[in-house]
Each structure stands twice: as C-alpha cells, then as structure tokens.
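What follows is the content of query17.cif (mmCIF, C-alpha atoms).
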data_model
loop_
_atom_site.label_atom_id
_atom_site.label_comp_id
_atom_site.auth_asym_id
_atom_site.auth_seq_id
_atom_site.Cartn_x
_atom_site.Cartn_y
_atom_site.Cartn_z
CA MET A 1 7.55 -9.48 48.84
CA ARG A 2 5.28 -6.70 47.61
CA LYS A 3 8.04 -5.53 45.35
CA LEU A 4 8.35 -9.00 43.93
CA PHE A 5 4.65 -9.12 43.12
CA ALA A 6 4.82 -5.69 41.53
CA PHE A 7 7.71 -6.91 39.43
CA PHE A 8 5.74 -9.94 38.27
CA ARG A 9 2.78 -7.77 37.38
CA ARG A 10 5.01 -5.50 35.32
CA PHE A 11 6.57 -8.51 33.69
CA GLN A 12 3.16 -9.97 32.82
CA ILE A 13 2.22 -6.80 31.01
CA PHE A 14 5.53 -6.82 29.21
CA LEU A 15 4.88 -10.41 28.10
CA LEU A 16 1.43 -9.41 26.81
CA PHE A 17 3.05 -6.56 24.91
CA VAL A 18 5.64 -8.88 23.38
CA ALA A 19 3.01 -11.49 22.46
CA LEU A 20 0.72 -8.99 20.72
CA GLN A 21 3.70 -7.35 19.04
CA PHE A 22 4.81 -10.77 17.80
CA ILE A 23 1.38 -11.48 16.27
CA ALA A 24 1.30 -8.12 14.51
CA LEU A 25 4.85 -8.17 13.16
CA SER A 26 4.94 -11.82 12.13
CA ASN A 27 1.68 -11.28 10.29
CA TYR A 28 3.14 -8.21 8.59
CA PHE A 29 6.35 -9.88 7.46
CA THR A 30 4.82 -13.17 6.32
CA TYR A 31 1.95 -11.42 4.57
CA SER A 32 4.10 -9.20 2.40
CA TYR A 33 5.60 -12.30 0.85
CA PHE A 34 3.14 -15.21 1.26
CA PRO A 35 -0.48 -14.16 1.67
CA ARG A 36 -2.47 -16.82 3.50
CA SER A 37 -6.02 -15.52 3.83
CA GLN A 38 -7.70 -12.36 2.72
CA TYR A 39 -9.20 -11.52 6.12
CA LEU A 40 -6.83 -8.72 6.94
CA THR A 41 -6.85 -7.02 3.56
CA THR A 42 -9.19 -4.76 1.67
CA ALA A 43 -10.08 -7.78 -0.47
CA ASN A 44 -12.14 -9.19 2.39
CA ASN A 45 -15.88 -8.89 1.92
CA VAL A 46 -16.60 -6.45 4.76
CA THR A 47 -13.82 -3.96 4.10
CA GLY A 48 -14.20 -4.43 0.35
CA ALA A 49 -17.85 -3.41 0.62
CA LEU A 50 -16.88 -0.37 2.69
CA TRP A 51 -14.42 0.69 0.01
CA GLU A 52 -17.04 0.11 -2.66
CA THR A 53 -19.37 2.54 -0.87
CA GLU A 54 -16.58 5.07 -0.65
CA ASN A 55 -15.95 4.66 -4.36
CA GLU A 56 -19.63 5.36 -5.06
CA PHE A 57 -19.05 8.88 -3.76
CA THR A 58 -15.57 9.62 -5.04
CA LYS A 59 -15.74 8.17 -8.54
CA TYR A 60 -17.51 11.28 -9.83
CA VAL A 61 -14.48 13.38 -9.06
CA ASN A 62 -12.42 11.56 -11.68
CA LEU A 63 -15.23 10.94 -14.14
CA GLY A 64 -14.09 13.57 -16.63
CA ASN A 65 -10.55 12.27 -16.86
CA SER A 66 -11.55 8.61 -17.04
CA ASN A 67 -14.04 9.34 -19.79
CA ARG A 68 -11.43 11.17 -21.84
CA ASP A 69 -8.91 8.35 -21.39
CA LEU A 70 -11.48 5.74 -22.36
CA SER A 71 -12.52 7.61 -25.49
CA PHE A 72 -8.88 7.87 -26.54
CA ALA A 73 -8.46 4.14 -26.01
CA ASN A 74 -11.59 3.60 -28.09
CA LYS A 75 -10.18 5.77 -30.83
CA ARG A 76 -6.95 3.76 -30.96
CA LEU A 77 -8.85 0.49 -31.15
CA ARG A 78 -11.33 1.77 -33.71
CA GLU A 79 -8.46 2.67 -35.97
CA LYS A 80 -7.45 -0.97 -35.97
CA LEU A 81 -10.86 -2.27 -37.05
CA PRO A 82 -11.16 -3.66 -40.61
CA GLN A 83 -13.72 -0.98 -41.47
CA SER A 84 -11.07 1.67 -40.95
CA PHE A 85 -8.92 0.36 -43.79
CA ILE A 86 -9.35 0.81 -47.52
CA LYS A 87 -8.99 -2.38 -49.47
CA LEU A 88 -6.18 -1.97 -52.00
CA ASP A 89 -6.02 -5.45 -53.48
CA TYR A 90 -9.35 -6.64 -54.88
CA ASN A 91 -8.10 -10.05 -55.96
CA GLN A 92 -7.93 -11.39 -52.43
CA ILE A 93 -10.34 -14.11 -51.43
CA LYS A 94 -11.66 -13.93 -47.89
CA ILE A 95 -11.01 -17.06 -45.87
CA ASP A 96 -11.64 -17.89 -42.23
CA ASP A 97 -8.53 -16.94 -40.35
CA THR A 98 -6.94 -19.94 -38.66
CA LEU A 99 -3.58 -18.28 -38.25
CA TYR A 100 -4.59 -16.32 -35.21
CA GLN A 101 -6.16 -17.53 -32.03
CA THR A 102 -7.08 -15.44 -29.03
CA GLN A 103 -4.50 -15.78 -26.29
CA TYR A 104 -5.34 -12.95 -23.92
CA LYS A 105 -8.74 -11.96 -22.58
CA TYR A 106 -9.41 -8.71 -20.74
CA THR A 107 -11.86 -8.14 -17.91
CA PRO A 108 -12.60 -4.49 -17.09
CA ALA A 109 -12.52 -3.51 -13.43
CA THR A 110 -12.86 -0.42 -11.27
CA VAL A 111 -10.22 0.55 -8.73
CA LEU A 112 -11.86 0.90 -5.32
CA ASN A 113 -8.80 1.84 -3.32
CA SER A 114 -5.23 2.57 -4.27
CA THR A 115 -2.09 4.06 -2.82
CA TYR A 116 1.15 5.25 -4.39
CA ASP A 117 3.11 6.75 -1.53
CA LYS A 118 3.79 3.74 0.70
CA ALA A 119 6.70 1.31 0.72
CA ASN A 120 4.44 -1.35 -0.84
CA ASN A 121 1.43 -0.17 -2.78
CA PHE A 122 -1.75 -2.12 -3.45
CA LEU A 123 -5.00 -1.62 -5.35
CA THR A 124 -8.37 -3.12 -4.56
CA LEU A 125 -10.49 -4.05 -7.57
CA ASN A 126 -14.25 -4.62 -7.62
CA ILE A 127 -14.01 -8.05 -9.28
CA GLY A 128 -12.93 -11.34 -7.77
CA SER A 129 -12.91 -15.10 -8.26
CA LYS A 130 -16.56 -15.00 -9.40
CA GLN A 131 -15.43 -13.01 -12.41
CA GLY A 132 -12.56 -15.41 -13.02
CA VAL A 133 -9.71 -13.46 -11.45
CA LYS A 134 -6.83 -15.61 -10.21
CA ARG A 135 -3.62 -14.89 -8.33
CA GLY A 136 -0.78 -13.98 -10.67
CA MET A 137 -2.84 -12.40 -13.46
CA GLY A 138 -1.57 -9.16 -14.96
CA VAL A 139 -3.37 -5.83 -14.59
CA ILE A 140 -3.04 -2.95 -17.05
CA CYS A 141 -4.77 0.34 -17.75
CA ASP A 142 -5.15 2.29 -21.01
CA LYS A 143 -1.72 3.82 -20.64
CA GLY A 144 0.39 0.93 -19.41
CA VAL A 145 1.20 -1.76 -16.90
CA VAL A 146 -0.35 -1.48 -13.42
CA GLY A 147 0.59 -4.62 -11.48
CA VAL A 148 -0.10 -8.27 -10.75
CA VAL A 149 -3.05 -9.80 -8.85
CA PHE A 150 -1.84 -10.68 -5.35
CA LYS A 151 -4.89 -12.04 -3.54
CA VAL A 152 -8.45 -12.86 -4.60
CA SER A 153 -11.72 -13.17 -2.68
CA THR A 154 -15.15 -13.95 -4.14
CA HIS A 155 -16.04 -10.39 -5.09
CA TYR A 156 -12.83 -8.40 -4.74
CA SER A 157 -9.19 -8.73 -5.55
CA LEU A 158 -6.00 -7.17 -4.30
CA VAL A 159 -3.35 -6.11 -6.80
CA LYS A 160 0.30 -5.55 -5.95
CA SER A 161 1.19 -2.55 -8.07
CA VAL A 162 4.46 -1.86 -9.88
CA LEU A 163 5.21 0.50 -6.99
CA SER A 164 6.31 -2.22 -4.56
CA THR A 165 9.57 -3.81 -3.48
CA ASN A 166 9.88 -6.50 -6.14
CA PRO A 167 7.40 -6.18 -9.00
CA ASN A 168 9.73 -8.38 -11.10
CA ILE A 169 7.90 -7.90 -14.38
CA ASP A 170 10.09 -8.81 -17.33
CA VAL A 171 10.39 -5.86 -19.67
CA MET A 172 12.46 -4.99 -22.72
CA LEU A 173 13.74 -1.94 -24.56
CA GLU A 174 11.79 -1.45 -27.75
CA GLU A 175 14.87 -0.35 -29.64
CA ASP A 176 17.05 -3.46 -29.48
CA GLY A 177 14.97 -5.94 -27.49
CA SER A 178 17.45 -6.25 -24.65
CA PHE A 179 15.54 -7.25 -21.58
CA GLY A 180 15.65 -6.96 -17.81
CA LEU A 181 13.49 -6.91 -14.71
CA LEU A 182 11.38 -4.01 -13.52
CA LYS A 183 12.30 -2.84 -10.01
CA TRP A 184 11.05 -0.02 -7.81
CA THR A 185 13.78 1.30 -5.56
CA ILE A 186 13.32 4.99 -6.14
CA ARG A 187 10.13 5.46 -4.06
CA ASN A 188 8.54 7.94 -6.42
CA ALA A 189 5.23 7.16 -8.07
CA ARG A 190 6.40 8.46 -11.46
CA PHE A 191 9.60 6.46 -11.79
CA ALA A 192 10.86 2.88 -11.69
CA ASN A 193 14.14 1.10 -12.42
CA LEU A 194 15.17 -1.49 -14.92
CA SER A 195 17.91 -3.90 -13.87
CA GLY A 196 19.92 -6.35 -15.95
CA ILE A 197 20.69 -4.22 -19.02
CA SER A 198 24.34 -4.80 -19.89
CA ASN A 199 26.37 -1.67 -20.57
CA ASP A 200 28.06 -2.74 -23.79
CA LEU A 201 25.33 -1.04 -25.80
CA PRO A 202 24.23 2.55 -25.31
CA VAL A 203 20.63 3.07 -24.20
CA LYS A 204 18.77 5.87 -25.90
CA LYS A 205 16.96 8.41 -23.77
CA TRP A 206 13.16 8.49 -24.20
CA GLY A 207 13.24 5.07 -25.86
CA ALA A 208 10.08 3.09 -25.10
CA VAL A 209 10.12 0.28 -22.52
CA LEU A 210 7.61 -2.49 -23.18
CA THR A 211 6.59 -5.74 -21.52
CA ARG A 212 8.38 -8.79 -22.87
CA GLY A 213 5.61 -11.27 -22.23
CA GLY A 214 8.00 -14.00 -21.11
CA GLY A 215 6.09 -15.20 -18.07
CA GLY A 216 2.76 -15.22 -19.87
CA VAL A 217 1.39 -12.65 -17.42
CA PHE A 218 1.32 -9.71 -19.81
CA PRO A 219 1.09 -9.81 -23.61
CA ARG A 220 4.23 -8.71 -25.41
CA GLY A 221 4.47 -5.00 -26.16
CA ILE A 222 2.35 -3.33 -23.45
CA ALA A 223 3.79 0.08 -22.59
CA VAL A 224 5.66 0.33 -19.29
CA GLY A 225 7.32 3.71 -19.69
CA LYS A 226 10.15 5.62 -21.29
CA VAL A 227 13.86 5.67 -20.53
CA TYR A 228 14.48 8.74 -18.41
CA LYS A 229 18.04 8.45 -17.13
CA VAL A 230 20.86 6.00 -17.76
CA LEU A 231 23.47 5.76 -15.00
CA PRO A 232 26.48 3.44 -14.72
CA ILE A 233 26.62 1.06 -11.74
CA GLU A 234 29.98 0.90 -10.06
CA GLY A 235 31.73 -2.45 -10.38
CA ARG A 236 29.15 -4.03 -12.64
CA ALA A 237 28.84 -4.25 -16.37
CA GLN A 238 25.27 -2.99 -16.25
CA TRP A 239 23.33 0.21 -16.66
CA ASP A 240 21.00 1.48 -13.98
CA VAL A 241 18.13 2.53 -16.22
CA GLN A 242 15.50 4.86 -14.76
CA ILE A 243 12.08 4.73 -16.35
CA LEU A 244 9.38 7.38 -16.43
CA LEU A 245 6.29 5.22 -15.95
CA ALA A 246 3.49 5.43 -18.50
CA THR A 247 0.79 4.78 -15.92
CA ASN A 248 -0.22 7.61 -13.66
CA PHE A 249 -0.74 5.80 -10.37
CA LYS A 250 -2.19 8.92 -8.78
CA LYS A 251 -5.27 8.84 -11.00
CA LEU A 252 -6.09 5.20 -11.50
CA GLN A 253 -9.78 4.49 -12.13
CA ASN A 254 -10.38 1.88 -14.81
CA VAL A 255 -8.11 -1.11 -15.31
CA TYR A 256 -8.18 -4.46 -17.13
CA VAL A 257 -7.31 -7.84 -15.66
CA ILE A 258 -5.55 -10.03 -18.23
CA LYS A 259 -6.29 -13.72 -18.54
CA ASN A 260 -3.81 -15.77 -20.53
CA ILE A 261 -5.68 -18.73 -22.02
CA LEU A 262 -2.49 -20.56 -22.95
CA LYS A 263 -0.72 -20.06 -19.63
CA ASN A 264 -1.17 -23.65 -18.46
CA GLU A 265 0.24 -24.94 -21.73
CA GLN A 266 3.32 -22.75 -21.33
CA ARG A 267 3.71 -23.82 -17.69
CA GLN A 268 3.48 -27.49 -18.55
CA LEU A 269 6.06 -27.14 -21.27
CA GLU A 270 8.43 -25.19 -19.07
CA SER A 271 8.03 -27.55 -16.12
CA VAL A 272 9.88 -30.14 -18.20
CA ILE A 273 13.06 -28.12 -17.66
CA THR A 274 13.03 -28.50 -13.88
CA ASN A 275 11.99 -32.16 -14.10
CA GLU A 276 14.89 -33.07 -16.36
CA GLU A 277 17.32 -31.34 -14.08
CA ASP A 278 16.03 -33.45 -11.23
CA HIS A 279 16.60 -36.70 -13.10
CA GLU A 280 20.20 -36.06 -13.91
CA MET B 1 -21.71 5.57 30.75
CA ASN B 2 -21.54 8.82 28.87
CA LYS B 3 -17.73 8.68 29.05
CA ILE B 4 -17.57 5.21 27.53
CA PHE B 5 -19.85 6.29 24.73
CA ASN B 6 -17.54 9.24 24.12
CA HIS B 7 -14.54 6.96 23.79
CA ILE B 8 -16.34 4.59 21.42
CA THR B 9 -17.35 7.50 19.19
CA ARG B 10 -13.74 8.69 19.15
CA PHE B 11 -12.56 5.19 18.24
CA VAL B 12 -14.93 4.85 15.28
CA LEU B 13 -14.41 8.39 14.03
CA LEU B 14 -10.62 8.20 14.23
CA VAL B 15 -10.51 4.86 12.39
CA LEU B 16 -12.76 6.20 9.63
CA VAL B 17 -10.89 9.51 9.37
CA GLN B 18 -7.56 7.66 9.24
CA VAL B 19 -8.59 5.13 6.61
CA PHE B 20 -10.79 7.16 4.31
CA ILE B 21 -9.22 10.60 4.55
CA LEU B 22 -5.70 10.68 6.00
CA ASN B 23 -4.43 7.54 4.24
CA GLN B 24 -5.67 8.93 0.95
CA LEU B 25 -3.92 12.28 1.40
CA GLU B 26 -0.60 11.41 -0.12
CA ILE B 27 0.84 14.89 0.02
CA GLY B 28 4.33 14.01 -1.21
CA SER B 29 7.85 13.60 0.27
CA GLY B 30 6.60 10.33 1.75
CA ILE B 31 4.49 12.10 4.36
CA LEU B 32 1.86 9.86 5.95
CA ILE B 33 -0.45 11.48 8.47
CA MET B 34 -1.37 9.16 11.34
CA ALA B 35 -3.81 10.62 13.85
CA TYR B 36 -5.34 7.49 15.40
CA PRO B 37 -2.81 7.31 18.34
CA LEU B 38 -4.74 10.28 19.73
CA PHE B 39 -7.47 7.85 20.81
CA ILE B 40 -5.07 5.81 22.94
CA PHE B 41 -3.50 8.99 24.28
CA LEU B 42 -6.86 10.33 25.48
CA LEU B 43 -7.88 7.12 27.29
CA PRO B 44 -8.25 7.59 31.08
CA TYR B 45 -4.92 7.63 32.88
CA GLU B 46 -5.86 5.07 35.52
CA LEU B 47 -6.93 2.47 32.93
CA ASN B 48 -5.25 -0.93 33.25
CA LEU B 49 -2.26 -1.17 30.90
CA SER B 50 -3.07 -4.70 29.71
CA PHE B 51 -6.53 -3.48 28.78
CA THR B 52 -5.06 -0.49 26.94
CA LEU B 53 -2.79 -2.87 25.02
CA LEU B 54 -5.77 -5.02 23.99
CA ILE B 55 -7.75 -1.96 22.86
CA SER B 56 -4.83 -0.71 20.79
CA PHE B 57 -4.45 -4.17 19.26
CA VAL B 58 -8.10 -4.13 18.15
CA MET B 59 -7.83 -0.59 16.81
CA GLY B 60 -4.64 -1.39 14.92
CA ILE B 61 -6.22 -4.47 13.32
CA CYS B 62 -9.20 -2.37 12.20
CA ILE B 63 -6.91 0.13 10.48
CA ASP B 64 -4.60 -2.54 9.04
CA ALA B 65 -7.50 -4.48 7.53
CA MET B 66 -8.61 -1.42 5.64
CA SER B 67 -5.29 -0.10 4.42
CA ASN B 68 -3.38 -3.26 3.41
CA THR B 69 -0.59 -2.93 5.94
CA PHE B 70 -1.03 -6.42 7.48
CA GLY B 71 -0.18 -5.51 11.08
CA LEU B 72 2.18 -2.58 10.75
CA HIS B 73 -0.20 -0.03 12.29
CA THR B 74 -1.03 -2.52 15.08
CA SER B 75 2.62 -2.97 15.93
CA ALA B 76 3.32 0.76 16.10
CA LEU B 77 0.17 1.45 18.13
CA LEU B 78 1.10 -1.28 20.65
CA LEU B 79 4.42 0.46 21.20
CA PHE B 80 2.57 3.76 21.66
CA ALA B 81 0.26 2.20 24.27
CA TYR B 82 3.11 0.46 26.08
CA MET B 83 5.26 3.58 26.30
CA ARG B 84 2.38 5.84 27.36
CA PRO B 85 2.60 5.37 31.15
CA LEU B 86 6.39 5.60 31.06
CA VAL B 87 6.36 8.89 29.16
CA PHE B 88 3.45 10.21 31.23
CA SER B 89 5.28 9.72 34.51
CA ARG B 90 8.36 11.33 33.01
CA PHE B 91 6.79 14.72 32.33
CA ALA B 92 4.39 15.32 35.22
CA SER B 93 3.93 14.08 38.76
CA GLN B 94 1.46 11.46 39.89
CA GLU B 95 -0.71 14.05 41.64
CA ASP B 96 -1.19 16.04 38.47
CA TYR B 97 -2.82 13.06 36.83
CA GLU B 98 -4.88 12.15 39.86
CA MET B 99 -6.22 15.67 40.14
CA ASN B 100 -7.49 15.64 36.59
CA LYS B 101 -9.57 12.69 35.50
CA GLU B 102 -8.66 13.05 31.88
CA ALA B 103 -5.21 14.10 30.77
CA ASN B 104 -5.42 16.40 27.77
CA ILE B 105 -4.17 19.70 26.42
CA TYR B 106 -6.63 21.73 28.53
CA THR B 107 -6.16 20.08 31.90
CA LEU B 108 -2.38 19.72 31.91
CA GLY B 109 -1.24 22.52 29.64
CA THR B 110 0.27 23.01 26.20
CA ALA B 111 3.89 22.44 27.21
CA TRP B 112 3.05 19.10 28.77
CA PHE B 113 1.04 18.09 25.72
CA ILE B 114 3.83 18.94 23.28
CA LEU B 115 6.37 16.97 25.33
CA THR B 116 4.36 13.81 26.02
CA PHE B 117 2.35 13.51 22.87
CA GLY B 118 5.27 14.67 20.73
CA THR B 119 7.61 12.04 22.21
CA LEU B 120 5.05 9.24 21.89
CA LEU B 121 4.09 10.20 18.36
CA LEU B 122 7.73 10.39 17.30
CA LEU B 123 8.36 6.89 18.71
CA HIS B 124 5.23 5.58 16.99
CA HIS B 125 6.17 7.06 13.61
CA LEU B 126 9.81 5.97 13.85
CA TRP B 127 8.76 2.38 14.63
CA PHE B 128 6.21 2.42 11.81
CA PHE B 129 8.57 3.67 9.11
CA LEU B 130 11.47 1.49 10.33
CA PHE B 131 9.38 -1.60 9.68
CA GLU B 132 7.64 -0.24 6.60
CA VAL B 133 10.91 0.41 4.77
CA ALA B 134 12.68 -2.47 6.60
CA ASN B 135 16.07 -1.50 5.24
CA LEU B 136 18.66 0.17 7.45
CA SER B 137 20.69 1.37 4.47
CA GLU B 138 17.90 3.87 3.82
CA LEU B 139 18.12 5.36 7.29
CA THR B 140 18.19 8.98 6.12
CA TYR B 141 15.04 8.37 4.09
CA ILE B 142 13.35 6.81 7.14
CA LEU B 143 14.36 9.70 9.39
CA LYS B 144 13.22 12.31 6.90
CA LYS B 145 9.88 10.55 6.53
CA THR B 146 9.51 10.16 10.29
CA ILE B 147 10.25 13.76 11.18
CA LEU B 148 8.11 15.34 8.44
CA SER B 149 5.18 13.00 9.13
CA THR B 150 5.39 13.50 12.90
CA ILE B 151 5.16 17.27 12.51
CA VAL B 152 2.12 17.09 10.23
CA SER B 153 0.42 14.36 12.31
CA PHE B 154 0.98 16.38 15.45
CA LEU B 155 -0.71 19.45 13.97
CA VAL B 156 -3.63 17.36 12.73
CA CYS B 157 -4.00 15.80 16.18
CA VAL B 158 -4.10 19.22 17.84
CA GLY B 159 -6.91 20.14 15.44
CA LEU B 160 -8.78 16.90 16.13
CA GLN B 161 -8.44 17.39 19.86
CA ILE B 162 -10.20 20.72 19.60
CA ILE B 163 -13.12 18.84 18.03
CA PHE B 164 -13.11 15.81 20.34
CA VAL B 165 -12.27 17.25 23.74
CA GLN B 166 -14.55 19.76 25.34
CA LYS B 167 -12.84 22.73 26.84
CA PRO B 168 -13.60 22.80 30.57
CA LYS B 169 -15.40 25.95 31.69
CA ASP B 170 -13.24 28.49 33.44
CA ARG B 171 -12.97 27.73 37.09
#

Could you spell out this file's structure in structure tokens?
Amino acid sequence: MRKLFAFFRRFQIFLLFVALQFIALSNYFTYSYFPRSQYLTTANNVTGALWETENEFTKYVNLGNSNRDLSFANKRLREKLPQSFIKLDYNQIKIDDTLYQTQYKYTPATVLNSTYDKANNFLTLNIGSKQGVKRGMGVICDKGVVGVVFKVSTHYSLVKSVLSTNPNIDVMLEEDGSFGLLKWTIRNARFANLSGISNDLPVKKWGAVLTRGGGGVFPRGIAVGKVYKVLPIEGRAQWDVQILLATNFKKLQNVYVIKNILKNEQRQLESVITNEEDHE
Amino acid sequence: MNKIFNHITRFVLLVLVQVFILNQLEIGSGILIMAYPLFIFLLPYELNLSFTLLISFVMGICIDAMSNTFGLHTSALLLFAYMRPLVFSRFASQEDYEMNKEANIYTLGTAWFILTFGTLLLLHHLWFFLFEVANLSELTYILKKTILSTIVSFLVCVGLQIIFVQKPKDR
C-alpha cells in the first residue's frame, strides 16, 4: 500500500512536469509562427523598459561607428538634393511636380536589443504603435534590409530579422531582374540564401541583390547584399545562390521603419484575385 | 531566513547575468552560454520536487520574456529540474546528501560536481538546441552546438560558483 502511494506521488510530480513542459513548448511553437500577445517578449512594457535602460549605457560604445555611418548616409542623400546639381538647360519652366507622390515614409528608431547567433533572431526597437508602427512593416538600416516588424506594443516593437527561418522577402538580381525569395538556412550572420533563381541563365559573382518591392513592404531597389557563391541544386533547375549580406547584424544601432502609404490600395486591388477565384 | 535571501539574490543575479551579459556574448560557432541552471542545481537537496519545478518554471519565464525565446529556456530548465534528483542519486549515496545541507563543489568534491552538473547541463543544452533548431536533418550542427556550449557554460558556472558559494572553513 505504501508503495502504491509512493508511486502516485511520483506520478503526480511527473504530471506536473508534463503540464508545465506542455505550456512552455506549446507557447514556444505557436509563438514563432502566430504571435498572440506581447507579454512574453522584449516588446512588453516592463522588459522593454529594462532593455532601454541597458541601451542607455551601451549605446556609447557604438557611437563612433553609428555617427560615421549616419554621416555617410547624409552625404549620399545630400548629393541627390537639387542644390547639388548645376542647371544645364535654362529654358525650362519650373512647375509643381504632380508626377511624383510620396509612397514610403521612414521613421527612425534605435535598436535596444538584438541577436544574430540564434536559430531565430529578433530586434527590439524603441518605437511602437504610438509612433505608427504596425505589424508587417519593413525595417532597413543605412546599408540594407534588416527585417520585418513582427509584434508591436504601445512603446516598443519586435522585429523578426532576415536571420530567421523564413524571412521570405522578395528580392531580385540587379543585373537581369530575375527574382526569388530570401531564405536563411546557412546560420551565419554574414550570409543568406536566395531561392527560386532558375539555372538557365548564369549568375554573376558580386552582382548586387536588391529588394523587388512586390509585397509593398520595402521600396524597390534597397540593397540586400551581393552574390557570393552560386551552386547547382541536384535534381532541380535552380541555382542555390549565396548572398553576402549588406547589413552588418553584429553592429546594428540605428534603423528606419518603412510605412507604405499605398499599401491598402495595393491590397484591395490584389484581393480581387482571390475573390474571383472563389466565384468560379 | 538568511538562506532564503541568499537563494533569491542568486536567482536575480543569474537572470540578469544571463540576459544582459551571456546572451549578448555571441562568441561564434553557435556557442550560447547558459549559466542559469546553476541556481536550480544549488537549491537545497531536500526541497520538494514539485516546488523545484514551479521555481524553475518562473525562472525560465523570466529569462524567456527578456530574450525572445517564448518558452524554450523554460522547457529546458524544467527538464533540468526534473532530472536533478535522478542524477543526484546516481552519483552519490543518500547519506552523502543528508550529511551536507547544501550539495556543491566544496561539500561533495570536484569529481562529483563534474559528473552530476556536467550530465545535467549536457541534457539541458541538448534539449534546448534540439527544440531551437527543430530539424533533425541538422543533427550534427545541433550536437556540435550542444557540446561546445556545454563546455563553455560549465566553465562559466564553475567561475560563478566560486562567487556565489562560500567555501566552508577547514574542519
């Protein structure tokens, strides 16, 4: 009888273990794909504030580099200003430009916390829904693509970086415009893969890889990286293209969150496709 | 009372060290240093196992919430806590534990510490990386990561133990 009780006690503990294990693992597996609330992430207000305090101390370490990067970005932009050009044709009449309308707006943000060595890597930014950040917005830095906003709280947001299982950003080769999806299977912070490039055309080494802007998340032509290695895939008419990423994920300080003003319009238009398929 | 305070300090310090220092040290080859299991390891031996499981659940959640792992650390730490009594009874007799109130490197010896803590830490790391990568076709990568990380974590834990655990005066 005593043995039986001892067995039940053991079994109770085992059940507790299984129950707690179930909570932890189910949370882990559902979260990686469908985030429900931000309570268990660094985007929650308590842990976000803790990371902000940490950033107060550590940001000075990278100040030199970030300043240099920002001044280079400024230089590039300054060169595009009208003042930087000499007018060659004096017969032109200046008119208000109605040919161009702003499509993308950029919100600067500071990276509070980031990783690059895990199986899925995330960044915490110091801006959130109060600053107009929404799930699914693109994030870039001066050098290139960083990731996509994954979860937003009032003052912080969590970004799933390119260094995660399925970044699925549509990118293209600058040279011939052939496009594919960005993948990260190599588990190295400097490299990523490009899938879906058919092997009937050669791919040039060190050719630039840019965003395609198809989903309306990133503008067309943001740098992603350069072609580093082109390998054949056995049994498929595709290249396995390895990319040297433009962004250095080990030293990420200042990023921009991209808002696409026309995204809803594009969505509405494209939703017609699925609706029509339903009717037939 | 003093003992409980000691354990709480260890808990807070280990969570902070893990999140703000060790998680940030990405030293390459996929090495991730995890030192927080040391807290569970140093809990009193006679403590109720269900209670130990609940403590490790709370600690895991604290670390998960601050490193965007959504429950992965919790899961691995629960395994560590559950296996602790089993591994403990494997490598020393009941009397050894009853003689010493706290089981650590000083009271039960270096060989014992390497065996028990090494085994538990290896299990913990293997479980963690198995679920982190979640792809059995990358088994060699998982094993490489596990073994390298376990070695580094173990050394860090030995260092931390020197800070946390007072050496008993020579008898």

Gap from CA of Thr41 in chain A to CA of Ala65 in chain B - Å, one decimal: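 Those two atoms sit 4.8 Å apart.
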
Here's the selection I'm unsure about, the PyMOL selection byres ((chain A) within 7 of (chain B)); applied to the file above, which residues does it give, as a PyMOL selection string? chain A and resi 13+17+21+24-25+27-28+31+40-42+47+117+119

Pairwise distance for CA of Tyr45 in chain B and CA of Cys157 in chain B, rounded to one decimal in Å: 18.6 Å

Quick one: apply the PyMOL selection byres ((chain A and resi 250-262) around 6) to the file and drop the selected residues here as a PyMOL selection string. chain A and resi 103-111+137-141+248-249+263-265

Just give me the gap between CA of Ala111 in chain B and CA of Ile8 in chain B in Å, one decimal is fine.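 That distance, rounded to one decimal, is 27.6 Å.
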
Which of these residues is nearest to Leu125 in chain A, using all atoms listed in the file: A:Thr154, A:Thr102, A:Asn67, A:Ser164?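 Of all the options, A:Thr154 lies closest to Leu125 in chain A.
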
Pick from A:Ile233, A:Leu112, A:Val241, A:Val152, whichever lies nearest to Gly207 in chain A using all atoms listed in the file: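 Of A:Ile233, A:Leu112, A:Val241, A:Val152, the one nearest Gly207 in chain A, counting all atoms listed in the file, is A:Val241.
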
Assuming the chain letters and numbering stay as they are in my file, what does the PyMOL selection byres ((chain A and resi 191) around 9) actually select? List them as a PyMOL selection string. chain A and resi 163+184+186-190+192-193+225+228+242-245

For Ser198 in chain A, work out the shell of residues within 7 Å, counting all atoms listed in the file and skipping chain neighbours fewer than 2 positions away, then give it as a ChimeraX atom specification. /A:196,200,237-239

For Phe164 in chain B, the nearest of the candidates B:Ser93, B:Asn104, B:Asn2, B:Thr146, counting all atoms listed in the file: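 Comparing B:Ser93, B:Asn104, B:Asn2, B:Thr146 against Phe164 in chain B, the winner is B:Asn104.
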
Between B:Ser89, B:Thr9, B:Thr107, B:Ser149, which is the closest to His124 in chain B once you count all atoms listed in the file?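 For His124 in chain B, the nearest of the given residues is B:Ser149.
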